[in-house]
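Report on one structure; see the data block that follows.
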Amino acid sequence: MKILGTGSALPKKVVTNDDLAQVMDTSDEWIKSRTGIEKRHIAVEETTTSMAVEAAKKAIEAAKISVLDIDLIICATVSSDYIFPTLACEVQAAVGAKRATAFDIGAGCSGFLFALATADAYFRTGRFHKALIMGAETLSKMMDWGDRSTCVLFGDGAGAAVVSAEENQLLSMVQGSDGESGMALKCDNRPVNNLYRQLGAQTYSYTEMNGSEVYKFAVRTVPTAISEALEQAKVPADDVKLYLLHQANRRIIEAVAKRLGQSLDKFPMNLQECGNISAASVPILLDKVCKDGMLQAGDKVVLAGFGAGLTWGACVLEW
Ligand code: ACO
């Protein structure tokens with residue numbers, strides 16, 4: 001599996017911590033000191049589909065392939081515009097990838113890693129050769145904007161990559177799930193409400209999080225998953241050029257760097273500009289480091305995601 005091209009899309013509207021402090025009881029100092037987040041992009045005119053399509057078109061252009069070569073589309077999302085059709089099918093229609101099999105996966109903030117692992121597994125059947133994999137989220141619509149402990153953390157956006165079965169860049173992949181701890185981070189779907197069980201008028205459900213549980217999970221699980229991925233790939237931590245982690249919180253990333261004995265300089269971040277964009281955060285960051293020319297042929301790169309489920313994934317790539 002080799003990444004041929006990447007792309008990303010962010011909403012036009014930028015909301016700073018100071019902007020939020022004008023409409024709720026929070027401050028730039030509180031948000032920045034606890035998370036590193038300074039601003040985030042919030043969808044106004046954009047939708048999950050429109051951002052996913054923009055990111056997909058850029059990734060296809062960067063990959064320099066015909067859209068008809070794509071035989072697989074996997075979108076990782078928890079905030080698609082429709083329960084059905086899937087986001088992946090909407091993207092397929094918009095980009096004209098008529099030959100592709102398209103479906104979504106839900107793995108919270110690990111979604112892009114799970115999409116990558118799924119594409120790799122499909123490639124190994126020999127029946128699929130080029131995939132468009134994506135993370136796309138409009139988390140702002142999943143927030144209770146009256147709950148300052150969650151709404152300040154998240155942002156909206158989409159990231160995409162075109163991957164090919166032709167060469168092997170993926171040296172290892174580690175994934176895991178802990179459903180027993182899943183309620184630490186949740187958003188209810190529709191309740192059973194039908195002719196035989198009538199609940200009356202329903203309101204939407206929003207994201208609920210036990211922040212300290214999620215924090216402890218992340219700092220415990222992510223270094224272990226990365227260490228396992230490095231061991232499988234037989235790559236020493238010191239030989240890795242960049243560690244691209246899910247952008248939830250600067251303190252989590254600092255703790256992971258410390259546990260791995262690595263300089264924080266190897267952990268590029270965009271959470272200060274974007275907040276936490278769940279499944280989209282890793283591919284958006286990957287697109288940024290590619291555009292900034294930070295990766296050369298032969299470089300070893302670690303990608304790691306962690307989040308709702310609870311789920312986690314880590315892989316080592318040789319660029
Ligand atoms: N502004 C001001 N004060 C706030 C805000 C806010 N936005 N939110 C909460 N507070 C208050 C609380 O009410 C509390 O006040 P109290 O002591 O009077 O009750 C106080 O700040 C401390 O709250 P804590 O929850 O203890 O703050 P903590 O230092 O733990 O930081 C945080 C909270 C940032 C969420 C932290 O727990 C964390 O980093 N968790 C990791 C979870 C995470 O990053 N989740 C992202 C999604 S999951 C994922 O992507 C993997």
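Lettering and numbering for the structure tokens are positional, with chains as A, B, ... in the shown order, residues counted from 1 in each chain, and ligands counted from 1 in the shown order.
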Name the residues in contact with Phe217 (chain A) at a cut-off of 12 Å, using only C-alpha atoms, excluding same-chain residues fewer than 2 positions from it; report them as a list in words.
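Near Phe217 (chain A), the qualifying residues are Ser177, Asp178, Ser181, Gly182, Ala184, Leu185, Asn210, Gly211, Ser212, Glu213, Val214, Tyr215, Val219, Arg220, Thr221, Val222, Pro223, Thr224, Ala225, Ile252, Ala255, Val256, Phe306, Gly307, Ala308, Gly309, Leu310, Thr311 and Trp312 of chain A.
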All residues within 8 Å of ligand 1 are required, counting only C-alpha atoms and all ligand atoms; please report them as a PyMOL selection string.
chain A and resi 25-27+30-31+34-35+108-109+147-154+185+209-216+218+246-249+251-252+276-278+305-308
Closest atom pairs, region 117-174 of chain A residues within 10 Å of region 101-106 of chain A, only C-alpha atoms, as CSV:
```
residue,atom,partner,partner_atom,distance
A:Thr118,CA,A:Ile105,CA,9.4
A:Phe128,CA,A:Thr101,CA,9.3
A:Ala131,CA,A:Thr101,CA,9.3
A:Leu132,CA,A:Ala102,CA,9.2
A:Ile133,CA,A:Asp104,CA,9.7
A:Met134,CA,A:Asp104,CA,9.3
A:Gly135,CA,A:Ile105,CA,9.5
```
Need to verify the contact set: Leu171 (chain A), 8 Å, only C-alpha atoms, exclusion of same-chain residues closer than 2 positions in sequence. Can you return it as a PyMOL selection string?
chain A and resi 168-169+173+232-233+315-318
Residues near Gly275 (chain A), cut-off 12 Å, only C-alpha atoms, skip fewer than 4 positions along chain, as a count of residues only:
38
Nearest to Val78 (chain A) by atom-to-atom distance, counting only C-alpha atoms, from A:Ala136, A:Met294, A:Ala43, A:Ala62:
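For Val78 (chain A), the nearest of the given residues is A:Ala136.
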So that I can see what lies close to Asp120 (chain A), please list as a PyMOL selection string the residues with an atom at most 12 Å from it, counting only C-alpha atoms and leaving out residues fewer than 2 positions away in the same chain.
chain A and resi 1-3+72+74+113-118+122-133+163-173+315
CA of Asp144 (chain A) to CA of Gln22 (chain A), straight-line distance in Å:
16.7 Å
Considering only C-alpha atoms, can you say which of A:Lys291, A:Leu260, A:Leu244, A:Ala161 comes closest to Ser227 (chain A)?
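Looking only at the distances to Ser227 (chain A), the closest residue turns out to be A:Leu260.
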What residues in region 87-291 of chain A get the DSSP label alpha helix (DSSP H)? Please answer as a PyMOL selection string.
chain A and resi 87-95+111-124+148-151+211-233+250-260+271-274+281-291
May I have all residues of region 126-305 of chain A that DSSP, computed from the backbone, assigns to strand (DSSP E), given as a VMD selection string?
chain A and resid 130 to 138 156 to 164 170 to 177 185 to 186 208 to 209 240 to 245 300 to 305
Store the residues picked out above, limited to N, CA and C atoms, as a short mmCIF file (atom, residue, chain, number, x, y, z; two decimals), in the first residue's frame.
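And here is the file that came out, part_29.cif:
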```cif
data_model
loop_
_atom_site.label_atom_id
_atom_site.label_comp_id
_atom_site.auth_asym_id
_atom_site.auth_seq_id
_atom_site.Cartn_x
_atom_site.Cartn_y
_atom_site.Cartn_z
N LYS A 130 -6.82 0.51 -6.22
CA LYS A 130 -6.64 1.94 -5.88
C LYS A 130 -7.83 2.40 -5.04
N ALA A 131 -7.50 3.01 -3.90
CA ALA A 131 -8.57 3.42 -2.98
C ALA A 131 -8.46 4.91 -2.65
N LEU A 132 -9.63 5.50 -2.47
CA LEU A 132 -9.72 6.86 -1.92
C LEU A 132 -10.17 6.69 -0.48
N ILE A 133 -9.32 7.08 0.47
CA ILE A 133 -9.69 6.95 1.88
C ILE A 133 -9.75 8.33 2.51
N MET A 134 -10.70 8.53 3.40
CA MET A 134 -10.95 9.87 3.89
C MET A 134 -11.40 9.88 5.33
N GLY A 135 -11.20 11.02 5.98
CA GLY A 135 -11.86 11.34 7.24
C GLY A 135 -12.54 12.67 7.04
N ALA A 136 -13.83 12.77 7.37
CA ALA A 136 -14.56 14.03 7.14
C ALA A 136 -15.56 14.22 8.27
N GLU A 137 -15.55 15.40 8.86
CA GLU A 137 -16.41 15.62 10.03
C GLU A 137 -16.95 17.05 10.07
N THR A 138 -18.19 17.16 10.50
CA THR A 138 -18.76 18.45 10.91
C THR A 138 -19.15 18.27 12.37
N ASP A 156 -14.28 21.54 12.39
CA ASP A 156 -14.82 20.85 11.22
C ASP A 156 -13.77 20.78 10.10
N GLY A 157 -13.86 19.77 9.25
CA GLY A 157 -12.95 19.67 8.11
C GLY A 157 -12.91 18.28 7.53
N ALA A 158 -12.10 18.12 6.46
CA ALA A 158 -11.98 16.82 5.80
C ALA A 158 -10.57 16.63 5.26
N GLY A 159 -10.11 15.39 5.28
CA GLY A 159 -8.80 15.06 4.70
C GLY A 159 -8.92 13.76 3.93
N ALA A 160 -8.14 13.66 2.84
CA ALA A 160 -8.26 12.49 1.97
C ALA A 160 -6.88 12.04 1.48
N ALA A 161 -6.80 10.76 1.13
CA ALA A 161 -5.58 10.24 0.50
C ALA A 161 -5.99 9.21 -0.55
N VAL A 162 -5.25 9.22 -1.67
CA VAL A 162 -5.41 8.14 -2.66
C VAL A 162 -4.28 7.16 -2.39
N VAL A 163 -4.65 5.88 -2.21
CA VAL A 163 -3.64 4.85 -1.93
C VAL A 163 -3.70 3.77 -3.00
N SER A 164 -2.54 3.20 -3.27
CA SER A 164 -2.44 2.21 -4.34
C SER A 164 -1.87 0.91 -3.78
N LEU A 170 3.56 0.53 3.70
CA LEU A 170 3.02 0.29 5.04
C LEU A 170 3.83 -0.82 5.71
N LEU A 171 4.66 -0.44 6.70
CA LEU A 171 5.55 -1.43 7.32
C LEU A 171 4.86 -2.18 8.45
N SER A 172 3.86 -1.55 9.08
CA SER A 172 3.15 -2.24 10.16
C SER A 172 1.85 -1.51 10.47
N MET A 173 0.95 -2.22 11.11
CA MET A 173 -0.34 -1.63 11.50
C MET A 173 -0.80 -2.29 12.80
N VAL A 174 -1.18 -1.47 13.76
CA VAL A 174 -1.71 -1.97 15.04
C VAL A 174 -3.07 -1.31 15.25
N GLN A 175 -4.07 -2.10 15.60
CA GLN A 175 -5.40 -1.55 15.89
C GLN A 175 -5.95 -2.20 17.14
N GLY A 176 -6.86 -1.51 17.81
CA GLY A 176 -7.51 -2.11 18.96
C GLY A 176 -8.78 -1.35 19.34
N SER A 177 -9.58 -2.01 20.15
CA SER A 177 -10.84 -1.41 20.63
C SER A 177 -11.09 -1.85 22.06
N LEU A 185 -17.02 8.55 25.96
CA LEU A 185 -17.15 9.54 24.89
C LEU A 185 -18.28 9.08 23.99
N LYS A 186 -19.45 9.76 24.08
CA LYS A 186 -20.59 9.21 23.33
C LYS A 186 -21.53 10.29 22.81
N GLU A 208 -21.08 13.82 24.56
CA GLU A 208 -20.82 13.85 26.00
C GLU A 208 -19.48 13.18 26.23
N MET A 209 -18.66 13.76 27.09
CA MET A 209 -17.31 13.22 27.28
C MET A 209 -16.88 13.28 28.73
N VAL A 240 12.42 7.46 13.35
CA VAL A 240 11.20 8.02 12.76
C VAL A 240 11.38 9.53 12.56
N LYS A 241 11.07 9.98 11.33
CA LYS A 241 11.21 11.41 11.03
C LYS A 241 10.06 12.20 11.66
N LEU A 242 8.82 11.72 11.46
CA LEU A 242 7.66 12.46 11.99
C LEU A 242 6.64 11.51 12.61
N TYR A 243 6.08 11.95 13.70
CA TYR A 243 4.95 11.26 14.34
C TYR A 243 3.72 12.14 14.13
N LEU A 244 2.76 11.63 13.34
CA LEU A 244 1.54 12.40 13.07
C LEU A 244 0.40 11.80 13.89
N LEU A 245 0.08 12.48 14.99
CA LEU A 245 -0.92 11.95 15.92
C LEU A 245 -2.26 12.66 15.73
N LYS A 300 10.79 7.55 7.55
CA LYS A 300 9.82 6.72 8.29
C LYS A 300 8.84 7.67 8.99
N VAL A 301 7.57 7.36 8.88
CA VAL A 301 6.51 8.20 9.46
C VAL A 301 5.58 7.31 10.28
N VAL A 302 5.19 7.80 11.45
CA VAL A 302 4.18 7.10 12.25
C VAL A 302 2.88 7.89 12.18
N LEU A 303 1.76 7.21 11.91
CA LEU A 303 0.43 7.81 12.05
C LEU A 303 -0.24 7.13 13.23
N ALA A 304 -0.95 7.90 14.05
CA ALA A 304 -1.67 7.29 15.18
C ALA A 304 -2.97 8.02 15.44
N GLY A 305 -4.03 7.23 15.65
CA GLY A 305 -5.34 7.79 15.97
C GLY A 305 -5.89 7.12 17.22
#
```
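Going from CA of Leu4 (chain A) to CA of Trp319 (chain A) covers 10.3 Å.
Going from CA of Pro11 (chain A) over to CA of Ala88 (chain A), you cover 19.5 Å.
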